[in-house]
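Shown next: final.txt, containing compact mmCIF, N, CA and C atoms.
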# COMPACT_ATOMS: atom_id res chain seq x y z
N MET G 1 85.21 97.08 68.64
CA MET G 1 86.16 96.33 69.45
C MET G 1 86.27 97.00 70.82
N PRO G 2 86.05 96.25 71.91
CA PRO G 2 86.14 96.85 73.25
C PRO G 2 87.57 97.24 73.60
N ILE G 3 87.65 98.25 74.44
CA ILE G 3 88.96 98.70 74.90
C ILE G 3 89.48 97.68 75.91
N GLN G 4 90.73 97.29 75.76
CA GLN G 4 91.34 96.39 76.72
C GLN G 4 92.36 97.18 77.53
N TRP G 5 92.24 97.09 78.85
CA TRP G 5 93.19 97.75 79.73
C TRP G 5 94.32 96.79 80.00
N THR G 6 95.52 97.25 79.82
CA THR G 6 96.66 96.43 80.18
C THR G 6 97.19 96.92 81.51
N SER G 7 97.46 96.01 82.38
CA SER G 7 97.94 96.36 83.70
C SER G 7 99.46 96.46 83.70
N ASP G 8 99.94 97.55 84.21
CA ASP G 8 101.36 97.75 84.40
C ASP G 8 101.80 96.83 85.54
N PRO G 9 102.82 95.99 85.34
CA PRO G 9 103.25 95.08 86.41
C PRO G 9 103.58 95.80 87.72
N LYS G 10 104.13 96.99 87.64
CA LYS G 10 104.44 97.73 88.87
C LYS G 10 103.16 98.15 89.59
N SER G 11 102.13 98.52 88.84
CA SER G 11 100.84 98.89 89.44
C SER G 11 100.20 97.68 90.11
N VAL G 12 100.25 96.53 89.45
CA VAL G 12 99.68 95.31 90.01
C VAL G 12 100.42 94.94 91.29
N GLU G 13 101.74 95.06 91.28
CA GLU G 13 102.53 94.75 92.47
C GLU G 13 102.20 95.71 93.62
N LEU G 14 102.07 97.01 93.30
CA LEU G 14 101.73 97.99 94.33
C LEU G 14 100.34 97.73 94.90
N GLU G 15 99.37 97.40 94.05
CA GLU G 15 98.03 97.06 94.53
C GLU G 15 98.09 95.91 95.54
N ALA G 16 98.84 94.88 95.20
CA ALA G 16 98.96 93.72 96.09
C ALA G 16 99.65 94.09 97.39
N THR G 17 100.69 94.88 97.32
CA THR G 17 101.43 95.29 98.52
C THR G 17 100.55 96.11 99.45
N ILE G 18 99.83 97.08 98.89
CA ILE G 18 98.94 97.91 99.70
C ILE G 18 97.82 97.07 100.29
N SER G 19 97.25 96.18 99.48
CA SER G 19 96.15 95.32 99.97
C SER G 19 96.61 94.49 101.17
N ARG G 20 97.82 93.94 101.09
CA ARG G 20 98.35 93.17 102.23
C ARG G 20 98.55 94.08 103.43
N GLY G 21 98.99 95.31 103.20
CA GLY G 21 99.28 96.24 104.28
C GLY G 21 98.06 96.70 105.05
N ILE G 22 96.90 96.70 104.40
CA ILE G 22 95.69 97.17 105.07
C ILE G 22 94.71 96.05 105.38
N ARG G 23 95.08 94.84 105.09
CA ARG G 23 94.17 93.69 105.27
C ARG G 23 93.60 93.61 106.69
N ALA G 24 94.41 93.89 107.69
CA ALA G 24 93.96 93.79 109.08
C ALA G 24 92.91 94.83 109.44
N LEU G 25 92.80 95.89 108.62
CA LEU G 25 91.85 96.97 108.92
C LEU G 25 90.47 96.73 108.32
N GLY G 26 90.35 95.76 107.45
CA GLY G 26 89.04 95.46 106.87
C GLY G 26 89.17 94.54 105.69
N ASP G 27 88.26 93.59 105.60
CA ASP G 27 88.29 92.63 104.51
C ASP G 27 87.74 93.19 103.20
N GLY G 28 86.84 94.14 103.31
CA GLY G 28 86.15 94.63 102.12
C GLY G 28 86.75 95.88 101.51
N ILE G 29 88.05 96.09 101.68
CA ILE G 29 88.69 97.28 101.13
C ILE G 29 89.35 96.91 99.81
N HIS G 30 89.04 97.65 98.77
CA HIS G 30 89.58 97.41 97.43
C HIS G 30 90.60 98.49 97.09
N VAL G 31 91.70 98.08 96.49
CA VAL G 31 92.77 99.01 96.09
C VAL G 31 92.90 98.95 94.58
N SER G 32 93.00 100.13 93.96
CA SER G 32 93.20 100.23 92.52
C SER G 32 94.31 101.23 92.24
N VAL G 33 95.26 100.84 91.40
CA VAL G 33 96.35 101.74 91.02
C VAL G 33 96.30 101.94 89.51
N ARG G 34 96.24 103.18 89.11
CA ARG G 34 96.27 103.56 87.69
C ARG G 34 97.29 104.66 87.54
N GLY G 35 98.42 104.33 86.97
CA GLY G 35 99.46 105.34 86.77
C GLY G 35 99.93 105.91 88.09
N ASN G 36 99.73 107.21 88.26
CA ASN G 36 100.19 107.91 89.45
C ASN G 36 99.07 108.13 90.47
N HIS G 37 98.06 107.28 90.42
CA HIS G 37 96.88 107.48 91.27
C HIS G 37 96.47 106.17 91.94
N VAL G 38 96.27 106.22 93.25
CA VAL G 38 95.78 105.07 94.02
C VAL G 38 94.39 105.41 94.55
N THR G 39 93.45 104.51 94.37
CA THR G 39 92.11 104.68 94.90
C THR G 39 91.80 103.52 95.83
N VAL G 40 91.29 103.84 97.02
CA VAL G 40 90.82 102.81 97.93
C VAL G 40 89.32 102.99 98.12
N SER G 41 88.61 101.88 98.17
CA SER G 41 87.16 101.93 98.35
C SER G 41 86.72 100.74 99.18
N GLY G 42 85.50 100.78 99.62
CA GLY G 42 84.95 99.72 100.46
C GLY G 42 84.31 100.33 101.69
N THR G 43 84.20 99.53 102.75
CA THR G 43 83.54 99.98 103.96
C THR G 43 84.42 99.69 105.18
N ALA G 44 84.60 100.73 106.00
CA ALA G 44 85.34 100.60 107.26
C ALA G 44 84.35 100.61 108.41
N ASP G 45 84.77 100.06 109.53
CA ASP G 45 83.90 100.00 110.71
C ASP G 45 83.65 101.36 111.33
N ASP G 46 84.65 102.25 111.25
CA ASP G 46 84.53 103.56 111.89
C ASP G 46 85.45 104.57 111.21
N TYR G 47 85.33 105.84 111.62
CA TYR G 47 86.11 106.91 110.99
C TYR G 47 87.60 106.77 111.26
N GLU G 48 87.96 106.25 112.43
CA GLU G 48 89.38 106.07 112.74
C GLU G 48 90.02 105.06 111.80
N THR G 49 89.29 104.00 111.50
CA THR G 49 89.80 102.98 110.58
C THR G 49 89.93 103.56 109.18
N LYS G 50 88.95 104.36 108.76
CA LYS G 50 89.03 105.02 107.45
C LYS G 50 90.28 105.89 107.38
N ARG G 51 90.53 106.65 108.44
CA ARG G 51 91.72 107.51 108.48
C ARG G 51 92.99 106.66 108.46
N ASP G 52 93.02 105.58 109.23
CA ASP G 52 94.20 104.71 109.28
C ASP G 52 94.48 104.09 107.91
N ILE G 53 93.44 103.67 107.22
CA ILE G 53 93.61 103.11 105.88
C ILE G 53 94.27 104.15 104.97
N TYR G 54 93.76 105.37 105.00
CA TYR G 54 94.33 106.43 104.16
C TYR G 54 95.79 106.66 104.50
N GLN G 55 96.12 106.74 105.78
CA GLN G 55 97.50 107.01 106.20
C GLN G 55 98.44 105.90 105.74
N ILE G 56 98.01 104.66 105.88
CA ILE G 56 98.85 103.53 105.45
C ILE G 56 99.05 103.56 103.94
N VAL G 57 97.96 103.76 103.20
CA VAL G 57 98.05 103.79 101.74
C VAL G 57 98.93 104.94 101.29
N LYS G 58 98.76 106.10 101.89
CA LYS G 58 99.57 107.26 101.52
C LYS G 58 101.05 106.97 101.75
N GLY G 59 101.37 106.32 102.87
CA GLY G 59 102.75 105.99 103.17
C GLY G 59 103.34 104.96 102.25
N MET G 60 102.53 104.06 101.74
CA MET G 60 103.01 102.98 100.87
C MET G 60 102.95 103.34 99.39
N SER G 61 102.32 104.45 99.05
CA SER G 61 102.02 104.73 97.65
C SER G 61 103.20 105.29 96.86
N GLY G 62 104.26 105.63 97.54
CA GLY G 62 105.43 106.12 96.81
C GLY G 62 105.21 107.47 96.17
N GLY G 63 104.46 108.34 96.82
CA GLY G 63 104.26 109.69 96.30
C GLY G 63 103.10 109.84 95.34
N ARG G 64 102.36 108.77 95.13
CA ARG G 64 101.21 108.85 94.24
C ARG G 64 100.06 109.58 94.93
N GLU G 65 99.17 110.10 94.12
CA GLU G 65 97.95 110.73 94.64
C GLU G 65 97.04 109.63 95.16
N VAL G 66 96.41 109.85 96.32
CA VAL G 66 95.53 108.84 96.91
C VAL G 66 94.13 109.42 97.06
N THR G 67 93.14 108.68 96.56
CA THR G 67 91.74 109.02 96.76
C THR G 67 91.14 107.99 97.70
N ASN G 68 90.57 108.46 98.79
CA ASN G 68 89.98 107.58 99.79
C ASN G 68 88.46 107.59 99.63
N ASN G 69 87.95 106.57 98.96
CA ASN G 69 86.50 106.43 98.77
C ASN G 69 85.91 105.43 99.76
N VAL G 70 86.62 105.17 100.85
CA VAL G 70 86.13 104.24 101.85
C VAL G 70 84.96 104.88 102.60
N ARG G 71 83.90 104.13 102.75
CA ARG G 71 82.73 104.60 103.51
C ARG G 71 82.77 104.02 104.90
N VAL G 72 82.11 104.68 105.81
CA VAL G 72 82.02 104.21 107.18
C VAL G 72 80.69 103.51 107.37
N ALA G 73 80.74 102.30 107.93
CA ALA G 73 79.51 101.54 108.18
C ALA G 73 78.62 102.32 109.11
N ARG G 74 77.36 102.24 108.91
CA ARG G 74 76.39 102.94 109.76
C ARG G 74 76.46 102.35 111.17
N MET G 75 76.61 103.22 112.11
CA MET G 75 76.69 102.81 113.51
C MET G 75 75.30 102.50 114.04
N ALA G 76 75.21 101.46 114.86
CA ALA G 76 73.92 101.12 115.48
C ALA G 76 73.56 102.18 116.53
N ASP G 77 72.29 102.49 116.62
CA ASP G 77 71.84 103.48 117.62
C ASP G 77 71.75 102.88 119.00
Show me, as structure tokens, the structure contained in the file I just sent.
Amino acid sequence: MPIQWTSDPKSVELEATISRGIRALGDGIHVSVRGNHVTVSGTADDYETKRDIYQIVKGMSGGREVTNNVRVARMAD
């Protein structure tokens, strides 16, 4: 029998809130909340945007640990 993950309603709500908060910084950013941990992933246009995403998520996370797995798109030469 496969393991089924049940989503905590508060985690789902926080994911949605953070996603709305960072939407303007990039369309391809994914937010995941598991317990006391928030992970963001996807691709940002530049390092400043990656930093801004982290700062916004950290501020909205309510003291949770934040892992920033956002990558920076390769800059054209």
Anything within 10 Å of (101.9, 105.3, 88.2): list those residues as a VMD selection string, counting only C-alpha atoms and sticking to the file's coordinates.
-> chain G and resid 8 10 to 11 14 33 to 38 61 to 65
Computed gap from CA of Pro9 (chain G) to CA of Leu25 (chain G) is 25.3 Å
All residues 5 Å or closer to region 41-48 of chain G, only N, CA and C atoms, same chain fewer than 2 positions away omitted, as a list in words |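 With the cut-off at 5 Å, the set is Gly28, Ile29, His30, Thr39, Lys50, Arg51, Asp52, Asn69, Val70, Arg71, Val72 and Ala73 of chain G.
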Could the residues in this selection be written to a file with N, CA and C atoms, as a PDB file, in the coordinates of the input?
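Everything below was put into result.pdb:
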ATOM      1  N   GLY G  28      86.840  94.140 103.310  1.00  0.00           N
ATOM      2  CA  GLY G  28      86.150  94.630 102.120  1.00  0.00           C
ATOM      3  C   GLY G  28      86.750  95.880 101.510  1.00  0.00           C
ATOM      4  N   ILE G  29      88.050  96.090 101.680  1.00  0.00           N
ATOM      5  CA  ILE G  29      88.690  97.280 101.130  1.00  0.00           C
ATOM      6  C   ILE G  29      89.350  96.910  99.810  1.00  0.00           C
ATOM      7  N   HIS G  30      89.040  97.650  98.770  1.00  0.00           N
ATOM      8  CA  HIS G  30      89.580  97.410  97.430  1.00  0.00           C
ATOM      9  C   HIS G  30      90.600  98.490  97.090  1.00  0.00           C
ATOM     10  N   THR G  39      93.450 104.510  94.370  1.00  0.00           N
ATOM     11  CA  THR G  39      92.110 104.680  94.900  1.00  0.00           C
ATOM     12  C   THR G  39      91.800 103.520  95.830  1.00  0.00           C
ATOM     13  N   LYS G  50      88.950 104.360 108.760  1.00  0.00           N
ATOM     14  CA  LYS G  50      89.030 105.020 107.450  1.00  0.00           C
ATOM     15  C   LYS G  50      90.280 105.890 107.380  1.00  0.00           C
ATOM     16  N   ARG G  51      90.530 106.650 108.440  1.00  0.00           N
ATOM     17  CA  ARG G  51      91.720 107.510 108.480  1.00  0.00           C
ATOM     18  C   ARG G  51      92.990 106.660 108.460  1.00  0.00           C
ATOM     19  N   ASP G  52      93.020 105.580 109.230  1.00  0.00           N
ATOM     20  CA  ASP G  52      94.200 104.710 109.280  1.00  0.00           C
ATOM     21  C   ASP G  52      94.480 104.090 107.910  1.00  0.00           C
ATOM     22  N   ASN G  69      87.950 106.570  98.960  1.00  0.00           N
ATOM     23  CA  ASN G  69      86.500 106.430  98.770  1.00  0.00           C
ATOM     24  C   ASN G  69      85.910 105.430  99.760  1.00  0.00           C
ATOM     25  N   VAL G  70      86.620 105.170 100.850  1.00  0.00           N
ATOM     26  CA  VAL G  70      86.130 104.240 101.850  1.00  0.00           C
ATOM     27  C   VAL G  70      84.960 104.880 102.600  1.00  0.00           C
ATOM     28  N   ARG G  71      83.900 104.130 102.750  1.00  0.00           N
ATOM     29  CA  ARG G  71      82.730 104.600 103.510  1.00  0.00           C
ATOM     30  C   ARG G  71      82.770 104.020 104.900  1.00  0.00           C
ATOM     31  N   VAL G  72      82.110 104.680 105.810  1.00  0.00           N
ATOM     32  CA  VAL G  72      82.020 104.210 107.180  1.00  0.00           C
ATOM     33  C   VAL G  72      80.690 103.510 107.370  1.00  0.00           C
ATOM     34  N   ALA G  73      80.740 102.300 107.930  1.00  0.00           N
ATOM     35  CA  ALA G  73      79.510 101.540 108.180  1.00  0.00           C
ATOM     36  C   ALA G  73      78.620 102.320 109.110  1.00  0.00           C
TER      37      ALA G  73
END
Would you give me, as a PyMOL selection string, the residues in chain G that DSSP reads as strand (DSSP E or B)?
-> chain G and resi 30-34+37-44+65-72
Mind giving me the straight-line distance from atom C of Val66 (chain G) to atom C of Val31 (chain G) in Å, one decimal?
->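 About the pair atom C of Val66 (chain G) and atom C of Val31 (chain G): they are 10.8 Å apart.
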Would you please work out which residue, of G:Glu13, G:Arg74, G:Val40, G:Gly59, is nearest to Gly26 (chain G) when using only C-alpha atoms?
->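 Closest residue, counting only C-alpha atoms: G:Val40.
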To test the calculation: enclose all listed atoms of region 61-68 of chain G in a box whose edges run along x, y and z, add 3 Å on each side, then state centre and edge lengths in Å to one decimal, as JSON.
{"center_x": 96.9, "center_y": 107.6, "center_z": 97.0, "size_x": 23.0, "size_y": 12.3, "size_z": 11.7}
In chain G, DSSP alpha helix (DSSP H) residues written as a PyMOL selection string | chain G and resi 9-22+47-60
Would you work out the distance separating atom N of Val12 (chain G) from atom N of Thr49 (chain G), expressed in Å to one decimal?
->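 That distance, rounded to one decimal, is 25.7 Å.
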